[in-house]
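Enquirer: So here's protein-v1.txt, just compact mmCIF, C-alpha atoms:
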```txt
# COMPACT_ATOMS: atom_id res chain seq x y z
CA MET A 16 -22.86 -30.68 52.79
CA SER A 17 -22.78 -27.07 54.02
CA SER A 18 -23.95 -24.18 51.87
CA ASN A 19 -20.32 -23.07 51.53
CA ASP A 20 -19.32 -26.54 50.28
CA PHE A 21 -22.22 -26.46 47.82
CA LEU A 22 -21.11 -23.06 46.49
CA ILE A 23 -17.50 -24.21 46.13
CA SER A 24 -18.45 -27.44 44.34
CA ARG A 25 -20.71 -25.55 41.92
CA SER A 26 -17.97 -22.97 41.27
CA VAL A 27 -15.52 -25.76 40.45
CA LEU A 28 -18.09 -27.29 38.08
CA LEU A 29 -18.47 -23.92 36.33
CA ALA A 30 -14.67 -23.50 36.09
CA ASN A 31 -14.41 -26.99 34.58
CA HIS A 32 -17.21 -26.21 32.13
CA VAL A 33 -15.29 -23.13 30.97
CA LEU A 34 -11.99 -25.07 30.78
CA SER A 35 -13.58 -27.90 28.82
CA GLY A 36 -14.60 -25.38 26.15
CA GLU A 37 -10.91 -24.67 25.53
CA PRO A 38 -9.01 -27.94 24.87
CA VAL A 39 -5.66 -26.13 24.62
CA ALA A 40 -6.08 -24.94 28.22
CA MET A 41 -6.72 -28.50 29.38
CA GLN A 42 -3.62 -29.68 27.48
CA LYS A 43 -1.52 -26.99 29.17
CA LEU A 44 -2.73 -28.15 32.61
CA GLN A 45 -2.46 -31.94 32.02
CA PRO A 46 1.33 -32.16 32.61
CA HIS A 47 0.67 -30.74 36.09
CA ALA A 48 -1.84 -33.43 37.11
CA GLY A 49 -1.82 -34.00 40.84
CA ARG A 50 -0.35 -30.56 41.60
CA CYS A 51 -2.35 -28.21 43.81
CA MET A 52 -2.86 -24.47 43.68
CA GLU A 53 -4.30 -22.37 46.44
CA LEU A 54 -6.56 -19.47 45.48
CA ARG A 55 -6.55 -16.56 47.89
CA PHE A 56 -8.90 -13.60 47.67
CA ASP A 57 -7.73 -10.06 48.38
CA LEU A 58 -10.78 -7.95 49.26
CA PRO A 59 -10.91 -4.28 48.27
CA GLN A 60 -9.79 -1.94 51.07
CA GLY A 61 -13.21 -0.27 51.33
CA LEU A 62 -15.11 -3.53 51.71
CA ALA A 63 -12.70 -4.97 54.26
CA GLN A 64 -13.28 -1.92 56.49
CA SER A 65 -17.01 -1.44 55.86
CA PRO A 66 -19.83 -2.52 58.19
CA LEU A 67 -20.70 -5.17 55.58
CA SER A 68 -17.52 -7.05 56.53
CA ARG A 69 -19.40 -8.37 59.60
CA PHE A 70 -21.85 -10.13 57.29
CA LEU A 71 -19.42 -11.00 54.51
CA PRO A 72 -16.39 -12.60 56.11
CA LYS A 73 -13.17 -12.78 54.12
CA PRO A 74 -13.29 -15.82 51.84
CA GLU A 75 -11.11 -18.70 52.95
CA PRO A 76 -8.33 -19.87 50.61
CA LEU A 77 -9.48 -22.51 48.15
CA ARG A 78 -7.25 -25.44 47.17
CA LEU A 79 -7.68 -26.92 43.71
CA SER A 80 -5.74 -29.84 42.24
CA ILE A 81 -5.35 -30.53 38.56
CA SER A 82 -6.81 -33.80 37.32
CA ARG A 83 -5.30 -36.03 34.62
CA ALA A 84 -7.84 -34.60 32.21
CA GLY A 85 -6.58 -31.05 32.83
CA LEU A 86 -9.61 -30.05 34.89
CA LEU A 87 -9.88 -28.89 38.51
CA GLU A 88 -10.76 -30.82 41.67
CA TRP A 89 -11.49 -29.29 45.05
CA THR A 90 -8.90 -30.77 47.43
CA PRO A 91 -8.93 -28.89 50.75
CA THR A 92 -6.03 -30.85 52.29
CA ALA A 93 -3.61 -31.15 49.34
CA GLU A 94 -0.05 -29.83 49.51
CA VAL A 95 0.23 -26.48 47.73
CA ALA A 96 2.63 -26.04 44.77
CA LEU A 97 1.33 -22.64 43.67
CA THR A 98 -0.42 -19.71 45.32
CA VAL A 99 -2.70 -17.48 43.24
CA THR A 100 -3.95 -14.30 44.90
CA LEU A 101 -6.91 -12.73 43.13
CA GLY A 102 -7.81 -9.12 43.72
CA VAL A 103 -11.55 -8.99 44.40
CA PRO A 104 -12.87 -5.92 42.56
CA SER A 105 -15.47 -3.48 43.83
CA LEU A 106 -18.92 -3.79 42.26
CA ALA A 107 -18.20 -0.99 39.76
CA GLN A 108 -14.83 -2.50 38.84
CA ALA A 109 -16.42 -5.96 38.49
CA TRP A 110 -19.04 -4.58 36.10
CA ASP A 111 -16.36 -2.94 33.93
CA MET A 112 -14.27 -6.11 33.98
CA LEU A 113 -17.24 -8.22 32.88
CA ARG A 114 -18.12 -5.78 30.10
CA HIS A 115 -14.58 -5.71 28.75
CA ARG A 116 -13.89 -9.37 29.51
CA ASN A 117 -10.88 -8.48 31.65
CA ARG A 118 -9.52 -10.59 34.45
CA PRO A 119 -9.06 -9.42 38.03
CA PRO A 120 -5.60 -8.45 39.28
CA MET A 121 -3.66 -11.62 39.99
CA GLN A 122 -0.41 -12.50 41.71
CA ILE A 123 1.10 -15.97 41.19
CA GLU A 124 3.83 -17.45 43.39
CA GLY A 125 5.36 -20.92 43.37
CA ASP A 126 6.40 -23.51 40.79
CA ALA A 127 7.44 -21.65 37.62
CA HIS A 128 6.12 -24.22 35.11
CA LEU A 129 2.74 -24.49 36.80
CA ALA A 130 2.62 -20.69 37.15
CA GLU A 131 3.17 -20.29 33.40
CA ALA A 132 0.34 -22.72 32.62
CA VAL A 133 -2.08 -21.08 35.08
CA SER A 134 -1.16 -17.61 33.81
CA TRP A 135 -1.78 -18.70 30.21
CA VAL A 136 -5.17 -20.12 31.16
CA ALA A 137 -6.12 -16.94 33.04
CA GLN A 138 -5.13 -14.74 30.10
CA ASN A 139 -6.67 -16.80 27.31
CA VAL A 140 -9.76 -18.58 28.59
CA ARG A 141 -13.06 -16.72 28.86
CA TRP A 142 -16.58 -17.97 29.45
CA ASP A 143 -18.69 -17.49 26.35
CA VAL A 144 -22.01 -16.91 28.12
CA ALA A 145 -23.91 -16.07 24.93
CA HIS A 146 -22.86 -19.38 23.37
CA ASP A 147 -24.01 -21.34 26.43
CA VAL A 148 -27.35 -19.52 26.56
CA SER A 149 -27.94 -20.27 22.87
CA GLN A 150 -27.02 -23.95 23.43
CA TRP A 151 -29.33 -24.31 26.43
CA PHE A 152 -32.26 -22.12 25.41
CA GLY A 153 -31.90 -21.44 21.69
CA THR A 154 -30.78 -18.50 19.60
CA PRO A 155 -33.85 -16.28 20.20
CA VAL A 156 -33.30 -16.34 23.97
CA ALA A 157 -29.57 -15.66 23.52
CA ALA A 158 -30.40 -12.68 21.30
CA GLY A 159 -32.81 -11.41 23.97
CA VAL A 160 -30.18 -11.76 26.69
CA SER A 161 -27.68 -9.91 24.49
CA MET A 162 -30.19 -7.10 23.91
CA VAL A 163 -30.90 -6.78 27.66
CA ARG A 164 -27.15 -6.70 28.38
CA SER A 165 -26.67 -3.94 25.83
CA ARG A 166 -29.51 -1.87 27.32
CA VAL A 167 -28.16 -2.31 30.85
CA GLU A 168 -24.73 -1.15 29.66
CA GLN A 169 -26.30 1.91 28.03
CA SER A 170 -28.28 2.72 31.18
CA VAL A 171 -25.20 2.41 33.38
CA ALA A 172 -23.23 4.66 31.00
CA ARG A 173 -25.99 7.33 31.10
CA TRP A 174 -26.18 7.06 34.90
CA ARG A 175 -22.41 7.52 35.22
CA GLN A 176 -22.51 10.56 32.92
CA GLY A 177 -25.25 12.08 35.06
CA ARG A 178 -23.24 11.50 38.26
CA SER A 179 -20.09 13.11 36.88
CA ALA A 180 -21.89 16.20 35.55
```
Give the structure from the file, written as structure tokens.
Expert:
Amino acid sequence: MSSNDFLISRSVLLANHVLSGEPVAMQKLQPHAGRCMELRFDLPQGLAQSPLSRFLPKPEPLRLSISRAGLLEWTPTAEVALTVTLGVPSLAQAWDMLRHRNRPPMQIEGDAHLAEAVSWVAQNVRWDVAHDVSQWFGTPVAAGVSMVRSRVEQSVARWRQGRSA
């Protein structure tokens, strides 16, 4: 298994973990079992033209099929019913999106019924990191993580104010 395959399989596991926390999302996907969507990644203009692009090649499209349970399976050779193009944000945009729990820009093309289900999932399902941390490590650790997050947000806000002055 290559390191890229390892990363993809772990990403699919994380996506399924998030989906399994929202049974309604799984129910919306179940009627589409066996259908495949292809995720494409649209890099920001600056990154695509920067010297870093030599070291960070454009991510390949990722094909995911829907299982009978309403979860995702990595299926690189499946026939595509839907194409989802995700806008990859810059680091600053990604930070703001994480803080405000927003999703990246997304364009969906293909089967209308599957597109509606995927769009609903994208708009309504979010990973509750604090809940997972408290489940895995206990409430005191989750509270500590939350406090660190808050302090990082405050530091970034002060840094941005200093840059704009």
Enquirer: When you count all atoms listed in the file, which of these residues is closest to A:Ala93: A:Glu53, A:Asp20, A:Glu124, A:Glu168?
Expert: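 Among A:Glu53, A:Asp20, A:Glu124, A:Glu168, it is A:Glu53 that comes nearest to A:Ala93.
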Enquirer: From the options A:Gly125, A:Asn31, A:Val95, A:Pro120, which residue's atoms come nearest to A:Gln138, counting only C-alpha atoms?
Expert: A:Pro120
Enquirer: Between A:Gly85, A:Met112, A:Ile23, A:Asn117, which one has atoms that come closest to A:Pro46, using all atoms listed in the file?
Expert: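 The shortest atom-to-atom distance to A:Pro46 comes from A:Gly85.
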Enquirer: For A:Val39, work out the shell of residues within 12 Å, counting all atoms listed in the file and skipping chain neighbours fewer than 4 positions away, then give it as a PyMOL selection string.
Expert: chain A and resi 33-35+43-45+84-86+132+135-136+139-140
Enquirer: Would you compute the distance between atom CA of A:His128 and atom CA of A:Ile81? Give it in Å to one decimal.
Expert: 13.5 Å
Enquirer: So the first atom is atom CA of A:Val167 and the second is atom CA of A:Arg116; what is the distance between them in Å, to one decimal place?
Expert: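 These two atoms are separated by 16.0 Å.
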